[in-house]
$ cat protein-v8.cif   # mmCIF, C-alpha atoms
data_final
loop_
_atom_site.label_atom_id
_atom_site.label_comp_id
_atom_site.auth_asym_id
_atom_site.auth_seq_id
_atom_site.Cartn_x
_atom_site.Cartn_y
_atom_site.Cartn_z
CA MET A 765 -14.59 20.38 -8.70
CA THR A 766 -11.96 17.66 -9.00
CA SER A 767 -11.55 15.27 -11.91
CA ARG A 768 -13.79 12.74 -10.14
CA GLY A 769 -16.59 15.12 -9.28
CA THR A 770 -15.61 15.45 -5.60
CA ARG A 771 -17.22 18.66 -4.34
CA ILE A 772 -15.17 21.13 -2.30
CA ILE A 773 -17.41 22.28 0.54
CA GLY A 774 -16.42 24.02 3.74
CA SER A 775 -13.22 22.58 5.13
CA GLY A 776 -12.55 20.09 2.36
CA PRO A 777 -13.74 17.52 -0.16
CA VAL A 778 -17.04 15.78 0.34
CA ALA A 779 -17.89 12.59 -1.52
CA ARG A 780 -20.63 10.03 -1.16
CA VAL A 781 -19.40 6.51 -1.53
CA ILE A 782 -20.75 3.12 -0.49
CA ALA A 783 -17.42 1.34 0.01
CA ILE A 784 -13.91 2.16 1.19
CA ILE A 785 -10.87 0.13 0.11
CA PHE A 786 -7.83 0.53 2.35
CA ASP A 787 -4.21 -0.29 1.64
CA THR A 788 -2.67 -2.21 4.54
CA ASP A 789 0.96 -1.26 5.22
CA GLY A 790 1.24 2.39 6.19
CA VAL A 791 -2.55 2.93 6.25
CA VAL A 792 -3.99 0.24 8.54
CA THR A 793 -0.80 -0.98 10.20
CA ARG A 794 2.57 0.51 11.08
CA THR A 795 4.35 -2.07 8.97
CA ALA A 796 5.54 0.14 6.11
CA SER A 797 8.64 0.94 8.18
CA VAL A 798 9.18 -2.79 8.80
CA HIS A 799 8.97 -3.48 5.05
CA ARG A 800 11.37 -0.60 4.40
CA ALA A 801 13.88 -1.93 6.92
CA ALA A 802 13.64 -5.48 5.52
CA TRP A 803 14.23 -4.21 1.98
CA LYS A 804 17.24 -2.18 3.11
CA VAL A 805 18.86 -5.14 4.87
CA LEU A 806 18.31 -7.28 1.78
CA PHE A 807 19.51 -4.85 -0.87
CA ASP A 808 22.42 -3.39 1.08
CA SER A 809 23.76 -6.88 1.75
CA TYR A 810 23.35 -7.86 -1.90
CA LEU A 811 24.88 -4.63 -3.25
CA ARG A 812 27.78 -4.74 -0.78
CA ASP A 813 28.64 -8.32 -1.79
CA ARG A 814 28.35 -7.41 -5.46
CA ALA A 815 30.59 -4.36 -5.04
CA SER A 816 33.15 -6.43 -3.14
CA SER A 817 33.40 -9.03 -5.89
CA SER A 818 33.27 -6.66 -8.86
CA GLY A 819 35.15 -3.63 -7.61
CA GLU A 820 32.10 -1.40 -8.18
CA ALA A 821 31.28 1.36 -5.72
CA PHE A 822 28.75 0.38 -3.05
CA VAL A 823 25.72 2.70 -3.21
CA PRO A 824 23.23 1.76 -0.48
CA PHE A 825 19.48 1.39 -0.88
CA ASP A 826 17.79 4.56 0.44
CA ASP A 827 14.34 5.95 1.24
CA GLU A 828 13.88 7.35 -2.26
CA ASP A 829 14.59 3.91 -3.72
CA TYR A 830 11.95 2.46 -1.43
CA VAL A 831 9.30 4.99 -2.47
CA ARG A 832 10.07 4.78 -6.19
CA TYR A 833 10.59 1.06 -6.71
CA VAL A 834 9.18 -1.17 -3.97
CA ASP A 835 6.59 0.60 -1.81
CA GLY A 836 3.22 -1.04 -2.44
CA VAL A 837 4.61 -3.28 -5.18
CA ALA A 838 4.65 -7.09 -5.14
CA ARG A 839 7.94 -8.51 -3.86
CA TYR A 840 9.37 -9.94 -7.05
CA GLU A 841 8.37 -6.90 -9.11
CA GLY A 842 9.99 -4.73 -6.45
CA VAL A 843 13.25 -6.67 -6.71
CA GLU A 844 13.23 -6.39 -10.50
CA GLY A 845 12.33 -2.71 -10.44
CA PHE A 846 15.03 -1.67 -7.99
CA LEU A 847 17.80 -3.82 -9.45
CA GLY A 848 16.86 -2.61 -12.92
CA SER A 849 17.35 0.97 -11.73
CA ARG A 850 20.94 -0.01 -10.93
CA GLY A 851 21.43 -1.75 -14.26
CA ILE A 852 21.35 -5.21 -12.67
CA ILE A 853 19.42 -7.96 -14.45
CA LEU A 854 18.86 -11.33 -12.74
CA ALA A 855 17.01 -14.43 -13.82
CA ARG A 856 13.46 -14.46 -12.47
CA GLY A 857 13.81 -17.95 -11.02
CA GLU A 858 10.95 -19.78 -9.31
CA PRO A 859 8.78 -18.83 -6.29
CA GLY A 860 10.31 -21.74 -4.37
CA ASP A 861 13.91 -20.50 -4.78
CA ALA A 862 15.70 -20.52 -1.44
CA PRO A 863 17.32 -17.33 -0.14
CA GLY A 864 20.94 -17.31 -1.23
CA THR A 865 20.14 -18.31 -4.81
CA ASP A 866 21.04 -15.58 -7.31
CA THR A 867 17.53 -15.01 -8.68
CA VAL A 868 14.83 -12.38 -8.34
CA CYS A 869 12.56 -14.83 -6.50
CA ALA A 870 15.30 -15.85 -4.08
CA LEU A 871 15.95 -12.23 -3.14
CA GLY A 872 12.24 -11.58 -2.72
CA ASN A 873 11.92 -14.65 -0.49
CA ALA A 874 14.86 -13.48 1.62
CA LYS A 875 13.13 -10.15 2.11
CA ASN A 876 9.94 -11.90 3.22
CA GLU A 877 11.88 -13.93 5.79
CA GLN A 878 13.34 -10.70 7.19
CA PHE A 879 9.88 -9.14 7.38
CA LEU A 880 8.22 -12.12 9.07
CA GLU A 881 11.02 -12.37 11.61
CA GLN A 882 10.48 -8.74 12.61
CA ILE A 883 6.73 -9.38 12.96
CA ARG A 884 7.42 -12.49 15.07
CA LEU A 885 9.78 -10.60 17.37
CA TYR A 886 7.94 -7.30 17.74
CA GLY A 887 4.31 -7.85 16.69
CA VAL A 888 2.24 -5.42 14.64
CA GLU A 889 1.04 -2.01 15.76
CA PRO A 890 -2.05 -0.63 14.00
CA PHE A 891 -2.89 3.00 13.31
CA GLU A 892 -5.68 3.39 15.87
CA THR A 893 -7.23 6.28 13.94
CA THR A 894 -7.69 3.99 10.94
CA LEU A 895 -9.30 1.30 13.07
CA THR A 896 -11.61 3.92 14.58
CA LEU A 897 -12.64 5.06 11.10
CA ALA A 898 -13.18 1.47 9.95
CA ARG A 899 -15.48 0.83 12.92
CA GLU A 900 -17.39 4.04 12.15
CA LEU A 901 -17.79 2.96 8.54
CA ARG A 902 -19.18 -0.41 9.56
CA ARG A 903 -21.66 1.24 11.94
CA SER A 904 -22.76 3.43 9.03
CA GLY A 905 -23.28 0.39 6.81
CA ILE A 906 -20.45 1.28 4.45
CA ALA A 907 -18.61 -1.72 3.05
CA THR A 908 -14.88 -2.02 3.75
CA ALA A 909 -12.06 -3.87 2.08
CA VAL A 910 -8.33 -4.12 2.64
CA VAL A 911 -5.74 -4.63 -0.07
CA SER A 912 -2.06 -5.54 0.02
CA ALA A 913 0.59 -6.72 -2.41
CA SER A 914 2.01 -8.80 0.45
CA GLU A 915 1.33 -12.50 0.87
CA SER A 916 1.64 -11.92 4.64
CA CYS A 917 -1.39 -9.60 4.81
CA ALA A 918 -3.65 -12.01 6.70
CA ALA A 919 -1.02 -12.62 9.38
CA VAL A 920 -0.35 -8.89 9.70
CA LEU A 921 -4.04 -8.06 10.16
CA ARG A 922 -4.51 -10.83 12.74
CA ALA A 923 -1.48 -9.63 14.69
CA ALA A 924 -2.86 -6.08 14.65
CA GLY A 925 -6.33 -7.18 15.78
CA ALA A 926 -7.82 -5.66 12.62
CA ALA A 927 -8.91 -8.67 10.58
CA GLU A 928 -12.60 -8.47 11.54
CA LEU A 929 -12.96 -4.82 10.47
CA PHE A 930 -12.97 -5.57 6.75
CA ASP A 931 -15.59 -7.34 4.68
CA VAL A 932 -13.09 -8.30 1.99
CA ARG A 933 -9.33 -8.87 1.80
CA VAL A 934 -7.37 -9.04 -1.47
CA ASP A 935 -3.67 -9.72 -1.04
CA GLY A 936 -0.55 -11.16 -2.58
CA VAL A 937 -1.88 -14.70 -2.25
CA ASP A 938 -4.92 -13.74 -4.35
CA ALA A 939 -2.65 -11.96 -6.82
CA GLN A 940 -0.66 -15.15 -7.34
CA GLU A 941 -3.73 -17.38 -7.64
CA LEU A 942 -5.72 -15.05 -9.92
CA GLY A 943 -2.83 -13.60 -11.91
CA LEU A 944 -3.58 -10.05 -10.74
CA ALA A 945 -1.05 -7.47 -11.87
CA SER A 946 0.88 -5.57 -9.21
CA LYS A 947 0.36 -1.88 -8.47
CA PRO A 948 0.41 0.61 -10.16
CA GLU A 949 -2.04 -1.52 -12.14
CA PRO A 950 -5.47 -1.32 -10.45
CA ALA A 951 -6.19 -5.07 -10.48
CA LEU A 952 -6.08 -5.58 -6.70
CA PHE A 953 -8.45 -2.68 -6.04
CA LEU A 954 -10.78 -3.67 -8.85
CA GLU A 955 -10.95 -7.21 -7.48
CA ALA A 956 -11.81 -5.82 -4.04
CA ALA A 957 -14.60 -3.70 -5.56
CA ARG A 958 -15.87 -6.74 -7.47
CA ARG A 959 -15.99 -8.84 -4.29
CA LEU A 960 -17.82 -6.04 -2.47
CA GLY A 961 -20.31 -5.86 -5.33
CA VAL A 962 -19.75 -2.14 -6.00
CA ASP A 963 -18.77 -0.11 -9.02
CA PRO A 964 -15.34 1.56 -8.64
CA THR A 965 -16.95 4.97 -9.15
CA ASP A 966 -18.92 4.36 -5.93
CA ALA A 967 -15.84 3.46 -3.88
CA ALA A 968 -12.90 5.28 -2.32
CA VAL A 969 -9.30 4.07 -2.26
CA VAL A 970 -7.07 5.02 0.66
CA GLU A 971 -3.32 4.68 0.00
CA ASP A 972 0.05 5.90 1.26
CA ALA A 973 2.17 4.54 -1.61
CA LEU A 974 2.71 6.33 -4.91
CA ALA A 975 2.07 3.12 -6.83
CA GLY A 976 -1.16 2.58 -4.91
CA VAL A 977 -2.48 6.09 -5.55
CA ASP A 978 -1.61 5.63 -9.21
CA ALA A 979 -3.56 2.35 -9.18
CA GLY A 980 -6.60 4.05 -7.66
CA ARG A 981 -6.54 6.72 -10.33
CA ARG A 982 -6.14 4.19 -13.15
CA GLY A 983 -9.01 2.14 -11.77
CA GLY A 984 -11.46 5.04 -12.02
CA PHE A 985 -12.38 5.07 -8.33
CA GLY A 986 -14.73 7.76 -7.09
CA LEU A 987 -12.26 9.16 -4.55
CA VAL A 988 -8.55 8.55 -4.08
CA VAL A 989 -7.19 9.56 -0.69
CA GLY A 990 -3.44 9.83 -0.15
CA VAL A 991 -2.08 9.36 3.37
CA ASP A 992 1.25 11.14 3.70
CA ARG A 993 3.34 9.76 6.55
CA THR A 994 6.75 10.32 4.92
CA GLY A 995 6.69 13.82 3.43
CA HIS A 996 5.55 12.91 -0.09
CA ALA A 997 2.28 14.87 -0.24
CA ALA A 998 3.11 16.60 -3.53
CA ALA A 999 4.10 13.33 -5.18
CA LEU A 1000 0.86 11.68 -4.01
CA ARG A 1001 -1.12 14.53 -5.55
CA GLU A 1002 0.84 14.26 -8.79
CA ARG A 1003 0.03 10.55 -9.02
CA GLY A 1004 -3.70 11.23 -8.72
CA ALA A 1005 -4.78 11.65 -5.09
CA ASP A 1006 -7.86 13.88 -4.80
CA VAL A 1007 -6.87 14.84 -1.27
CA VAL A 1008 -3.83 14.14 0.89
CA VAL A 1009 -3.95 13.98 4.69
CA ALA A 1010 -1.39 13.19 7.36
CA ASP A 1011 -3.73 10.80 9.16
CA LEU A 1012 -7.22 9.36 8.79
CA ALA A 1013 -8.29 11.18 11.94
CA SER A 1014 -8.90 14.00 9.42
CA PHE A 1015 -12.05 12.24 8.20
CA THR A 1016 -15.57 11.64 9.41
CA VAL A 1017 -18.31 9.65 7.69
CA ASP A 1018 -22.01 10.43 7.93
CA PRO A 1019 -24.63 7.66 8.06
CA ASP A 1020 -25.62 8.43 4.45
CA GLY A 1021 -22.10 7.62 3.30
CA THR A 1022 -20.84 11.20 3.02
CA TRP A 1023 -17.06 11.22 3.48
CA LYS A 1024 -15.86 14.54 4.91
CA VAL A 1025 -12.62 16.23 5.86
CA SER A 1026 -13.03 17.30 9.46
CA SER A 1027 -13.02 20.97 10.30
CA GLY A 1028 -9.51 22.23 10.92
CA ALA A 1029 -7.85 19.15 9.41
CA SER A 1030 -4.53 19.62 7.67
CA ILE A 1031 -4.99 18.67 4.01
CA ASP A 1032 -3.23 19.10 0.71
CA ARG A 1033 -5.49 19.52 -2.31
#

$ encode --input "protein-v8.cif" --output "structure tokens"
Amino acid sequence: MTSRGTRIIGSGPVARVIAIIFDTDGVVTRTASVHRAAWKVLFDSYLRDRASSSGEAFVPFDDEDYVRYVDGVARYEGVEGFLGSRGIILARGEPGDAPGTDTVCALGNAKNEQFLEQIRLYGVEPFETTLTLARELRRSGIATAVVSASESCAAVLRAAGAAELFDVRVDGVDAQELGLASKPEPALFLEAARRLGVDPTDAAVVEDALAGVDAGRRGGFGLVVGVDRTGHAAALRERGADVVVADLASFTVDPDGTWKVSSGASIDR
């Protein structure tokens, strides 16, 4: 028995839920790598210029920085978190600050421009197994929602052909308008549950980011599923995932809302 009452039966956990809330980047779409690349271009350029002018050593932004400070986190909070880890404090600035201005908002806006340019050039590829699961959920009458810290979520879902698979979307635009705290706070997920009309204990959260799994745990959701695409299964478990899988092909959903790990699936629990 896990901390949320998920029963371990046969090949893996079984939980009955009436709603599933998906993270977007890295769960629904293959855009986590695009975000990672955009952050690296931004921070490496900034750090290289700073090192050149100050005489400090240039230490590039790496994958561990991405996982610890910016993955799943709102842009401006991600900028502050990463720069703070390097002992760099910048003025917050204003959301309208143009890239090139030496503020947190300006750097976050520059990152967003990088990300949108990559989407414009190369499109968005979804995880087909996630779309298949979402369709199965809808056929079973289970409500679905999608959550993202990004203000570009709607455009990403449209580009991936996934927008119609979710009953509710809560994204960075909503976070700005409603004053919702960024992950690891559970505000985005709780707002999605509220819009779906379900109690968090009756819903599952599906996340690939450490901050997102942490948010699901803090929000008291009935099941928190970690999707490990980058070799961080143990860290996802430590943050509160009830089960960690490499891909959502590991799951099936019965018509009564029973969420199962498929026989033979590779899981970490």

$ residues_around --input "protein-v8.cif" --residues "segment 904-912 of chain A" --least-positions-apart "6" --cutoff "7 Å" --atoms "all atoms listed in the file" --output "list of chain:residue names"
A:Ile782, A:Ala783, A:Ile784, A:Ile785, A:Phe786, A:Asp787, A:Thr788, A:Phe930, A:Asp931, A:Val932, A:Arg933, A:Val934, A:Asp935, A:Gly936, A:Leu952, A:Phe953, A:Ala956, A:Pro1019, A:Gly1021

$ resolve_selection --input "protein-v8.cif" --expression "the PyMOL selection byres ((chain A and resi 809) around 12)" --output "ChimeraX atom specification"
/A:802-808,810-816,822-825,864,871,874-875

$ resolve_selection --input "protein-v8.cif" --expression "the PyMOL selection byres ((chain A and resi 920) around 12)" --output "PyMOL selection string"
chain A and resi 788-790+792-796+798-799+879-880+882-884+886-890+910-912+914-919+921-927+933+935

$ residues_around --input "protein-v8.cif" --residues "segment 964-966 of chain A" --least-positions-apart "4" --cutoff "8 Å" --atoms "all atoms listed in the file" --output "mmCIF file with C-alpha atoms, keeping the file's coordinate frame"
data_model
loop_
_atom_site.group_PDB
_atom_site.id
_atom_site.type_symbol
_atom_site.label_atom_id
_atom_site.label_comp_id
_atom_site.auth_asym_id
_atom_site.auth_seq_id
_atom_site.Cartn_x
_atom_site.Cartn_y
_atom_site.Cartn_z
ATOM 1 C CA ARG A 780 -20.630 10.030 -1.160
ATOM 2 C CA VAL A 781 -19.400 6.510 -1.530
ATOM 3 C CA ILE A 782 -20.750 3.120 -0.490
ATOM 4 C CA ALA A 783 -17.420 1.340 0.010
ATOM 5 C CA LEU A 954 -10.780 -3.670 -8.850
ATOM 6 C CA ALA A 957 -14.600 -3.700 -5.560
ATOM 7 C CA GLY A 983 -9.010 2.140 -11.770
ATOM 8 C CA GLY A 984 -11.460 5.040 -12.020
ATOM 9 C CA PHE A 985 -12.380 5.070 -8.330
ATOM 10 C CA GLY A 986 -14.730 7.760 -7.090
ATOM 11 C CA LEU A 987 -12.260 9.160 -4.550
#

$ residues_around --input "protein-v8.cif" --residues "Glu1002 of chain A" --least-positions-apart "4" --cutoff "12 Å" --atoms "only C-alpha atoms" --output "PyMOL selection string"
chain A and resi 974-975+977-978+981+988+990+996-998+1006-1008+1032-1033

$ resolve_selection --input "protein-v8.cif" --expression "the PyMOL selection byres ((chain A and resi 836) around 7)" --output "VMD selection string"
chain A and resid 834 to 835 837 to 838 913 947 973 975 to 976

$ atom_distance --input "protein-v8.cif" --atom1 "atom CA of Ala801 of chain A" --atom2 "atom CA of Ser1014 of chain A"
27.9 Å

$ closest_residue --input "protein-v8.cif" --among "A:Val969, A:Leu942, A:Ala821, A:Ala862" --to "Arg850 of chain A" --atoms "all atoms listed in the file"
A:Ala821

$ build_atoms --input "protein-v8.cif" --residues "segment 964-984 of chain A" --atoms "N, CA and C atoms" --output "mmCIF file, keeping the file's coordinate frame"
data_model
loop_
_atom_site.group_PDB
_atom_site.id
_atom_site.type_symbol
_atom_site.label_atom_id
_atom_site.label_comp_id
_atom_site.auth_asym_id
_atom_site.auth_seq_id
_atom_site.Cartn_x
_atom_site.Cartn_y
_atom_site.Cartn_z
ATOM 1 N N PRO A 964 -16.462 0.735 -9.125
ATOM 2 C CA PRO A 964 -15.340 1.560 -8.640
ATOM 3 C C PRO A 964 -15.691 3.026 -8.447
ATOM 4 N N THR A 965 -16.586 3.559 -9.284
ATOM 5 C CA THR A 965 -16.950 4.970 -9.150
ATOM 6 C C THR A 965 -17.692 5.255 -7.856
ATOM 7 N N ASP A 966 -18.212 4.212 -7.198
ATOM 8 C CA ASP A 966 -18.920 4.360 -5.930
ATOM 9 C C ASP A 966 -18.044 4.023 -4.718
ATOM 10 N N ALA A 967 -16.755 3.872 -4.952
ATOM 11 C CA ALA A 967 -15.840 3.460 -3.880
ATOM 12 C C ALA A 967 -14.667 4.425 -3.762
ATOM 13 N N ALA A 968 -14.106 4.477 -2.574
ATOM 14 C CA ALA A 968 -12.900 5.280 -2.320
ATOM 15 C C ALA A 968 -11.725 4.345 -2.085
ATOM 16 N N VAL A 969 -10.565 4.766 -2.527
ATOM 17 C CA VAL A 969 -9.300 4.070 -2.260
ATOM 18 C C VAL A 969 -8.483 4.930 -1.316
ATOM 19 N N VAL A 970 -7.915 4.310 -0.293
ATOM 20 C CA VAL A 970 -7.070 5.020 0.660
ATOM 21 C C VAL A 970 -5.677 4.401 0.616
ATOM 22 N N GLU A 971 -4.676 5.187 0.253
ATOM 23 C CA GLU A 971 -3.320 4.680 0.000
ATOM 24 C C GLU A 971 -2.254 5.633 0.510
ATOM 25 N N ASP A 972 -1.103 5.062 0.911
ATOM 26 C CA ASP A 972 0.050 5.900 1.260
ATOM 27 C C ASP A 972 1.174 5.773 0.236
ATOM 28 N N ALA A 973 1.103 4.776 -0.635
ATOM 29 C CA ALA A 973 2.170 4.540 -1.610
ATOM 30 C C ALA A 973 1.863 5.203 -2.936
ATOM 31 N N LEU A 974 2.900 5.705 -3.605
ATOM 32 C CA LEU A 974 2.710 6.330 -4.910
ATOM 33 C C LEU A 974 2.098 5.358 -5.898
ATOM 34 N N ALA A 975 2.601 4.117 -5.898
ATOM 35 C CA ALA A 975 2.070 3.120 -6.830
ATOM 36 C C ALA A 975 0.606 2.827 -6.539
ATOM 37 N N GLY A 976 0.221 2.860 -5.271
ATOM 38 C CA GLY A 976 -1.160 2.580 -4.910
ATOM 39 C C GLY A 976 -2.104 3.702 -5.308
ATOM 40 N N VAL A 977 -1.679 4.950 -5.108
ATOM 41 C CA VAL A 977 -2.480 6.090 -5.550
ATOM 42 C C VAL A 977 -2.649 6.061 -7.060
ATOM 43 N N ASP A 978 -1.564 5.761 -7.756
ATOM 44 C CA ASP A 978 -1.610 5.630 -9.210
ATOM 45 C C ASP A 978 -2.624 4.564 -9.617
ATOM 46 N N ALA A 979 -2.623 3.433 -8.887
ATOM 47 C CA ALA A 979 -3.560 2.350 -9.180
ATOM 48 C C ALA A 979 -5.008 2.796 -8.967
ATOM 49 N N GLY A 980 -5.259 3.547 -7.902
ATOM 50 C CA GLY A 980 -6.600 4.050 -7.660
ATOM 51 C C GLY A 980 -7.080 4.966 -8.764
ATOM 52 N N ARG A 981 -6.190 5.811 -9.234
ATOM 53 C CA ARG A 981 -6.540 6.720 -10.330
ATOM 54 C C ARG A 981 -6.841 5.932 -11.603
ATOM 55 N N ARG A 982 -5.958 4.979 -11.929
ATOM 56 C CA ARG A 982 -6.140 4.190 -13.150
ATOM 57 C C ARG A 982 -7.421 3.360 -13.113
ATOM 58 N N GLY A 983 -7.819 2.966 -11.897
ATOM 59 C CA GLY A 983 -9.010 2.140 -11.770
ATOM 60 C C GLY A 983 -10.313 2.904 -11.846
ATOM 61 N N GLY A 984 -10.257 4.239 -11.906
ATOM 62 C CA GLY A 984 -11.460 5.040 -12.020
ATOM 63 C C GLY A 984 -12.288 5.101 -10.759
#
